[in-house]
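What follows is a short report on a single structure.
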Amino acid sequence: MKVTEHIAQAKGKTLFSIEILPPLKGQNIQSIFDAIDPLMEFKPPFIDVTYHREDYQIKERADGTKEKITVRKRPGTVGICAAIMNRFKVDAVPHLICGGFNRQETEDALIDLQFLGIDNVLALRGDPIKFEGSFVAKPGGYNYACELVSQINDMNKGIYVEEDLLNPAPTNFCIGVAAYPEMHMDAASMEVDMRNLKHKVACGSDYIVTQMFFDNKKYLDFVANCRANGITIPIIPGIKPLTTKKQLQILPKIFHLVIPEDLVKEVEKCKDDEQVRQVGIEWAIQQSKELMQAGTPVLHYYSMGKSDTVKSIASNVF
Ligand code: FAD
């Protein structure tokens, strides 16, 4: 079922959902099942699975010389989606990125998803890989997520990249996209980012999932700004509980966001990361309750492949 249909069926009740990461290459899928099992009591109608493209590593040979090798640390997005649907009977939402794909490869990936009975895709650009300062599209691929959205939307109309197909069947994907309440780091301004988001929505997006934020006002202002700009599709907040002191530095840098002063003070008082985790849980509970009160359709938690923190939050909210 489509994410938008789950939202419509909930009739205003806030739904619970999570994002998980494929395990590191070589690990068993059991770790994914173990992370999802304890969260099933909150009845997630859908679970997102991130996509991780290849990256480069410098490897030292036995003779001391160095070589640049390609590694993919977390493969398996599509396989995990199929396994989740099979085991938990919930919808799995694979993330699909522009980076590393040309149009034909994207088309083939979408055909696989369709054959597996996957109804939703989160369409993203992807981040630059190491050794590339800024995002570089594969030849014949896309620079922006809006182009990927257009391709999926075309397939939904039966228009394939490969022409001369005999009676090509339309797909029926529900298309999710990302957005950034505190602005995407590449954007010149909030206005430019909003204009680009508006275009991405016009290309056929069905719903939005936001980057994490720690100040609800940022999300609520962003939603109001979207509505003022004529964006009417559901906007699902992404919630990430803080779990380590180090994240005070890392998260703002990587995700271009501000951690509120009150939260920083609480975290700085903590003696160890277990105490930080408790502070993070309390903060996320407050955030979640307020967002639910404000009528958000879904609370979407970045679980990072672990269930205990999200479970502690959800038991106090749902
Ligand atoms: P876009 O929408 O293409 O935007 C990227 C930048 O380009 C923005 O600054 C935007 O303003 C600008 N822009 C957009 N369209 C245009 C245009 N037509 N002309 C000029 N400028 C334009 N990454 C992964 O690799 N795998 C994942 O699984 C993954 N999951 C994610 C899930 C969520 C909910 C979020 C919020 C992010 C996720 N990411 C993931 C990270 C994401 O790939 C990066 O944030 C990436 O840098 C931008 O992706 P996007 O789809 O928002 O890009």
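How things are named: the first chain in the structure tokens is A, the next is B, and so on; residues count from 1 in each chain; ligands count from 1 in the order shown.
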Might you pull out every residue within 6 Å of range 233-240 of chain A, with only C-alpha atoms counted and same-chain residues fewer than 5 positions away left off, and present them as number ranges by chain? A: 207-212, 298-302
Please tabulate, as JSON lines, the residues of chain A that come within 7 Å of ligand 1, each with its closest pair of atoms and the distance in Å to one decimal, counting only C-alpha atoms and all ligand atoms and ordering rows by chain, then residue number upward.
{"residue": "A:Val49", "atom": "CA", "partner": "ligand 1", "partner_atom_place_in_ligand_line": "28 (O)", "distance": 6.8}
{"residue": "A:Thr50", "atom": "CA", "partner": "ligand 1", "partner_atom_place_in_ligand_line": "28 (O)", "distance": 3.3}
{"residue": "A:Tyr51", "atom": "CA", "partner": "ligand 1", "partner_atom_place_in_ligand_line": "28 (O)", "distance": 3.9}
{"residue": "A:His52", "atom": "CA", "partner": "ligand 1", "partner_atom_place_in_ligand_line": "26 (N)", "distance": 5.3}
{"residue": "A:Arg53", "atom": "CA", "partner": "ligand 1", "partner_atom_place_in_ligand_line": "25 (O)", "distance": 6.5}
{"residue": "A:His95", "atom": "CA", "partner": "ligand 1", "partner_atom_place_in_ligand_line": "28 (O)", "distance": 4.8}
{"residue": "A:Leu96", "atom": "CA", "partner": "ligand 1", "partner_atom_place_in_ligand_line": "28 (O)", "distance": 6.8}
{"residue": "A:Ile97", "atom": "CA", "partner": "ligand 1", "partner_atom_place_in_ligand_line": "25 (O)", "distance": 6.2}
{"residue": "A:Ala123", "atom": "CA", "partner": "ligand 1", "partner_atom_place_in_ligand_line": "51 (O)", "distance": 6.3}
{"residue": "A:Leu124", "atom": "CA", "partner": "ligand 1", "partner_atom_place_in_ligand_line": "51 (O)", "distance": 3.2}
{"residue": "A:Arg125", "atom": "CA", "partner": "ligand 1", "partner_atom_place_in_ligand_line": "51 (O)", "distance": 4.0}
{"residue": "A:Gly126", "atom": "CA", "partner": "ligand 1", "partner_atom_place_in_ligand_line": "43 (O)", "distance": 3.0}
{"residue": "A:Asp127", "atom": "CA", "partner": "ligand 1", "partner_atom_place_in_ligand_line": "47 (O)", "distance": 4.3}
{"residue": "A:Asn143", "atom": "CA", "partner": "ligand 1", "partner_atom_place_in_ligand_line": "3 (O)", "distance": 6.7}
{"residue": "A:Tyr144", "atom": "CA", "partner": "ligand 1", "partner_atom_place_in_ligand_line": "3 (O)", "distance": 3.4}
{"residue": "A:Ala145", "atom": "CA", "partner": "ligand 1", "partner_atom_place_in_ligand_line": "3 (O)", "distance": 3.9}
{"residue": "A:Cys146", "atom": "CA", "partner": "ligand 1", "partner_atom_place_in_ligand_line": "15 (N)", "distance": 5.9}
{"residue": "A:Val177", "atom": "CA", "partner": "ligand 1", "partner_atom_place_in_ligand_line": "51 (O)", "distance": 6.3}
{"residue": "A:Ala178", "atom": "CA", "partner": "ligand 1", "partner_atom_place_in_ligand_line": "36 (C)", "distance": 4.4}
{"residue": "A:Ala179", "atom": "CA", "partner": "ligand 1", "partner_atom_place_in_ligand_line": "36 (C)", "distance": 5.6}
{"residue": "A:Tyr180", "atom": "CA", "partner": "ligand 1", "partner_atom_place_in_ligand_line": "36 (C)", "distance": 6.4}
{"residue": "A:His184", "atom": "CA", "partner": "ligand 1", "partner_atom_place_in_ligand_line": "9 (O)", "distance": 4.8}
{"residue": "A:Met185", "atom": "CA", "partner": "ligand 1", "partner_atom_place_in_ligand_line": "9 (O)", "distance": 6.0}
{"residue": "A:Asp186", "atom": "CA", "partner": "ligand 1", "partner_atom_place_in_ligand_line": "9 (O)", "distance": 4.1}
{"residue": "A:Ala187", "atom": "CA", "partner": "ligand 1", "partner_atom_place_in_ligand_line": "9 (O)", "distance": 3.8}
{"residue": "A:Val192", "atom": "CA", "partner": "ligand 1", "partner_atom_place_in_ligand_line": "11 (O)", "distance": 6.2}
{"residue": "A:Asp193", "atom": "CA", "partner": "ligand 1", "partner_atom_place_in_ligand_line": "11 (O)", "distance": 3.8}
{"residue": "A:Asn196", "atom": "CA", "partner": "ligand 1", "partner_atom_place_in_ligand_line": "15 (N)", "distance": 4.7}
{"residue": "A:Leu197", "atom": "CA", "partner": "ligand 1", "partner_atom_place_in_ligand_line": "2 (O)", "distance": 6.5}
{"residue": "A:Lys200", "atom": "CA", "partner": "ligand 1", "partner_atom_place_in_ligand_line": "15 (N)", "distance": 6.7}
{"residue": "A:Val209", "atom": "CA", "partner": "ligand 1", "partner_atom_place_in_ligand_line": "34 (C)", "distance": 4.9}
{"residue": "A:Thr210", "atom": "CA", "partner": "ligand 1", "partner_atom_place_in_ligand_line": "36 (C)", "distance": 5.0}
{"residue": "A:Gln211", "atom": "CA", "partner": "ligand 1", "partner_atom_place_in_ligand_line": "36 (C)", "distance": 3.8}
{"residue": "A:Gly238", "atom": "CA", "partner": "ligand 1", "partner_atom_place_in_ligand_line": "34 (C)", "distance": 6.6}
Residues near Leu220 in chain A, cut-off 10 Å, only C-alpha atoms, skip fewer than 6 positions along chain, as a VMD selection string: chain A and resid 181 226 237 291 294 296
Can I get the selection written as a compact mmCIF listing (two decimals), in the first residue's frame, with C-alpha atoms?
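Below you can see out_0.txt, which holds the result:
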# COMPACT_ATOMS: atom_id res chain seq x y z
CA PRO A 181 13.69 22.47 7.54
CA CYS A 226 5.72 24.98 2.20
CA PRO A 237 9.09 14.87 10.28
CA LEU A 291 4.48 17.24 16.86
CA ALA A 294 0.35 19.74 15.97
CA THR A 296 1.75 15.55 12.00
Excluding Met1 in chain A and residues on its chain fewer than 6 positions from it, collect all residues at most 10 Å away from it, counting only C-alpha atoms, and give them as a list in words.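 Here the qualifying residues turn out to be Pro45, Phe46, Val90, Asp91, Ala92, Gly117, Ile118, Asp119, Asn120, Phe173 and Cys174 of chain A.
Using only C-alpha atoms, the nearest neighbour of Thr244 in chain A within the list A:His256, A:Lys269, A:Arg277, A:Lys138 is A:Arg277.
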Write out as JSON, numbers by chain all residues of range 16-245 of chain A that DSSP puts in strand (DSSP E) for this structure's backbone. {"A": [16, 17, 18, 19, 20, 46, 47, 48, 49, 55, 56, 57, 58, 59, 60, 66, 67, 68, 69, 70, 71, 91, 92, 93, 94, 95, 96, 97, 120, 121, 122, 123, 124, 174, 175, 176, 177, 178, 179, 207, 208, 209, 210, 211, 212, 235, 236, 237, 238, 239]}
Residues just named, written with N, CA and C atoms as a compact mmCIF listing (two decimals), in the first residue's frame:
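Final output, again.txt:
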# COMPACT_ATOMS: atom_id res chain seq x y z
N PHE A 16 3.36 5.70 13.37
CA PHE A 16 4.76 5.51 13.79
C PHE A 16 5.50 4.85 12.63
N SER A 17 6.71 5.34 12.31
CA SER A 17 7.52 4.60 11.33
C SER A 17 9.00 4.80 11.62
N ILE A 18 9.81 3.96 11.01
CA ILE A 18 11.26 4.04 11.24
C ILE A 18 12.04 3.95 9.94
N GLU A 19 13.29 4.42 10.02
CA GLU A 19 14.25 4.22 8.93
C GLU A 19 15.33 3.31 9.48
N ILE A 20 15.70 2.31 8.70
CA ILE A 20 16.81 1.44 9.11
C ILE A 20 17.91 1.46 8.05
N PHE A 46 4.86 1.36 7.51
CA PHE A 46 5.96 1.27 6.54
C PHE A 46 7.30 1.49 7.24
N ILE A 47 8.32 0.87 6.65
CA ILE A 47 9.69 0.98 7.18
C ILE A 47 10.61 1.36 6.03
N ASP A 48 11.39 2.42 6.21
CA ASP A 48 12.33 2.85 5.17
C ASP A 48 13.66 2.11 5.30
N VAL A 49 14.26 1.81 4.16
CA VAL A 49 15.60 1.19 4.15
C VAL A 49 16.51 2.08 3.31
N ASP A 55 31.95 3.64 -2.34
CA ASP A 55 32.84 4.76 -2.04
C ASP A 55 34.27 4.29 -2.29
N TYR A 56 35.21 5.19 -2.11
CA TYR A 56 36.61 4.81 -2.33
C TYR A 56 37.38 4.74 -1.03
N GLN A 57 38.36 3.85 -1.01
CA GLN A 57 39.25 3.73 0.15
C GLN A 57 40.67 3.62 -0.38
N ILE A 58 41.62 4.14 0.37
CA ILE A 58 43.02 3.94 -0.01
C ILE A 58 43.52 2.69 0.71
N LYS A 59 43.99 1.72 -0.06
CA LYS A 59 44.46 0.47 0.54
C LYS A 59 45.97 0.35 0.33
N GLU A 60 46.69 -0.02 1.40
CA GLU A 60 48.13 -0.17 1.28
C GLU A 60 48.45 -1.61 0.89
N LYS A 66 50.34 2.28 -2.53
CA LYS A 66 48.92 2.47 -2.19
C LYS A 66 48.06 2.39 -3.44
N GLU A 67 46.85 1.89 -3.27
CA GLU A 67 45.91 1.89 -4.40
C GLU A 67 44.54 2.35 -3.92
N LYS A 68 43.80 2.94 -4.87
CA LYS A 68 42.46 3.41 -4.54
C LYS A 68 41.48 2.30 -4.90
N ILE A 69 40.74 1.78 -3.93
CA ILE A 69 39.81 0.68 -4.25
C ILE A 69 38.36 1.13 -3.99
N THR A 70 37.46 0.48 -4.71
CA THR A 70 36.04 0.79 -4.53
C THR A 70 35.45 -0.16 -3.50
N VAL A 71 34.73 0.39 -2.53
CA VAL A 71 34.08 -0.46 -1.53
C VAL A 71 32.62 -0.05 -1.38
N ASP A 91 4.79 -2.48 4.69
CA ASP A 91 5.41 -1.96 3.46
C ASP A 91 6.84 -1.52 3.74
N ALA A 92 7.72 -1.88 2.83
CA ALA A 92 9.11 -1.43 2.94
C ALA A 92 9.33 -0.35 1.88
N VAL A 93 10.01 0.71 2.28
CA VAL A 93 10.26 1.82 1.34
C VAL A 93 11.76 1.89 1.06
N PRO A 94 12.19 1.41 -0.11
CA PRO A 94 13.62 1.53 -0.42
C PRO A 94 13.97 2.96 -0.80
N HIS A 95 15.14 3.40 -0.38
CA HIS A 95 15.65 4.69 -0.85
C HIS A 95 16.38 4.42 -2.16
N LEU A 96 16.18 5.30 -3.11
CA LEU A 96 16.82 5.16 -4.42
C LEU A 96 17.52 6.49 -4.70
N ILE A 97 18.79 6.42 -5.10
CA ILE A 97 19.53 7.68 -5.29
C ILE A 97 19.93 7.88 -6.74
N ASN A 120 6.29 1.96 -2.80
CA ASN A 120 6.82 3.30 -2.46
C ASN A 120 8.32 3.36 -2.69
N VAL A 121 8.79 4.55 -3.08
CA VAL A 121 10.23 4.77 -3.25
C VAL A 121 10.55 6.16 -2.68
N LEU A 122 11.63 6.27 -1.91
CA LEU A 122 12.09 7.61 -1.50
C LEU A 122 13.19 8.00 -2.48
N ALA A 123 12.91 9.00 -3.31
CA ALA A 123 13.82 9.39 -4.40
C ALA A 123 14.75 10.51 -3.95
N LEU A 124 16.05 10.22 -4.00
CA LEU A 124 17.06 11.15 -3.45
C LEU A 124 18.19 11.38 -4.44
N CYS A 174 4.37 5.26 -5.35
CA CYS A 174 4.16 6.47 -4.56
C CYS A 174 5.56 7.03 -4.32
N ILE A 175 5.76 8.31 -4.63
CA ILE A 175 7.12 8.87 -4.63
C ILE A 175 7.33 9.82 -3.45
N GLY A 176 8.24 9.43 -2.57
CA GLY A 176 8.62 10.30 -1.46
C GLY A 176 9.90 11.05 -1.81
N VAL A 177 10.08 12.22 -1.22
CA VAL A 177 11.32 12.99 -1.43
C VAL A 177 11.78 13.59 -0.11
N ALA A 178 13.04 14.04 -0.09
CA ALA A 178 13.61 14.62 1.13
C ALA A 178 13.47 16.14 1.12
N ALA A 179 13.43 16.73 2.32
CA ALA A 179 13.47 18.19 2.43
C ALA A 179 14.13 18.56 3.76
N TYR A 207 4.89 12.69 -1.31
CA TYR A 207 5.04 13.07 0.10
C TYR A 207 6.50 13.44 0.37
N ILE A 208 6.71 14.11 1.49
CA ILE A 208 8.05 14.60 1.86
C ILE A 208 8.44 14.00 3.22
N VAL A 209 9.71 13.65 3.36
CA VAL A 209 10.26 13.27 4.68
C VAL A 209 11.37 14.27 4.98
N THR A 210 11.38 14.81 6.19
CA THR A 210 12.38 15.85 6.48
C THR A 210 13.66 15.28 7.07
N GLN A 211 14.69 16.06 6.91
CA GLN A 211 15.94 15.84 7.63
C GLN A 211 15.65 15.98 9.12
N MET A 212 16.48 15.38 9.97
CA MET A 212 16.32 15.53 11.41
C MET A 212 16.42 17.00 11.82
N ILE A 235 3.93 16.18 4.87
CA ILE A 235 5.34 16.45 5.24
C ILE A 235 5.63 15.70 6.54
N ILE A 236 6.39 14.63 6.43
CA ILE A 236 6.66 13.74 7.57
C ILE A 236 7.94 14.17 8.27
N PRO A 237 7.87 14.47 9.59
CA PRO A 237 9.09 14.87 10.28
C PRO A 237 10.00 13.68 10.58
N GLY A 238 11.29 13.85 10.36
CA GLY A 238 12.29 12.84 10.71
C GLY A 238 12.86 13.18 12.08
N ILE A 239 12.85 12.21 12.99
CA ILE A 239 13.31 12.48 14.37
C ILE A 239 14.49 11.59 14.72
Which residue of A:Thr309, A:Phe88, A:Leu257, A:Leu24 approaches Met40 in chain A most closely, using only C-alpha atoms: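 The answer is A:Phe88, which sits nearest to Met40 in chain A.
Separating CA of Phe115 in chain A from CA of Pro22 in chain A is a distance of 20.7 Å.
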So that I can see what lies close to Val276 in chain A, please list as an mmCIF file with C-alpha atoms, in the first residue's frame the residues with an atom at most 8 Å from it, counting only C-alpha atoms and leaving out residues fewer than 5 positions away in the same chain.
data_model
loop_
_atom_site.group_PDB
_atom_site.id
_atom_site.type_symbol
_atom_site.label_atom_id
_atom_site.label_comp_id
_atom_site.auth_asym_id
_atom_site.auth_seq_id
_atom_site.Cartn_x
_atom_site.Cartn_y
_atom_site.Cartn_z
ATOM 1 C CA LEU A 242 20.830 12.204 20.392
ATOM 2 C CA THR A 243 22.824 9.304 21.826
ATOM 3 C CA THR A 244 26.418 10.524 22.218
ATOM 4 C CA LYS A 245 28.163 13.719 23.273
ATOM 5 C CA VAL A 267 24.088 17.007 27.185
ATOM 6 C CA CYS A 270 26.217 14.284 31.277
#
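Near range 263-266 of chain A, within 8 Å and counting only C-alpha atoms, sit A:Leu248, A:Val279, A:Trp283; same-chain residues fewer than 6 positions away were not included.
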Between CA of Phe33 in chain A and CA of Lys311 in chain A, measure the distance and give it in Å to one decimal. 14.5 Å
Pick from A:Met304, A:Gln275, A:Glu182, A:Ala35 nearest to Val223 in chain A, counting only C-alpha atoms: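 So, comparing all the options, the nearest one is A:Glu182.
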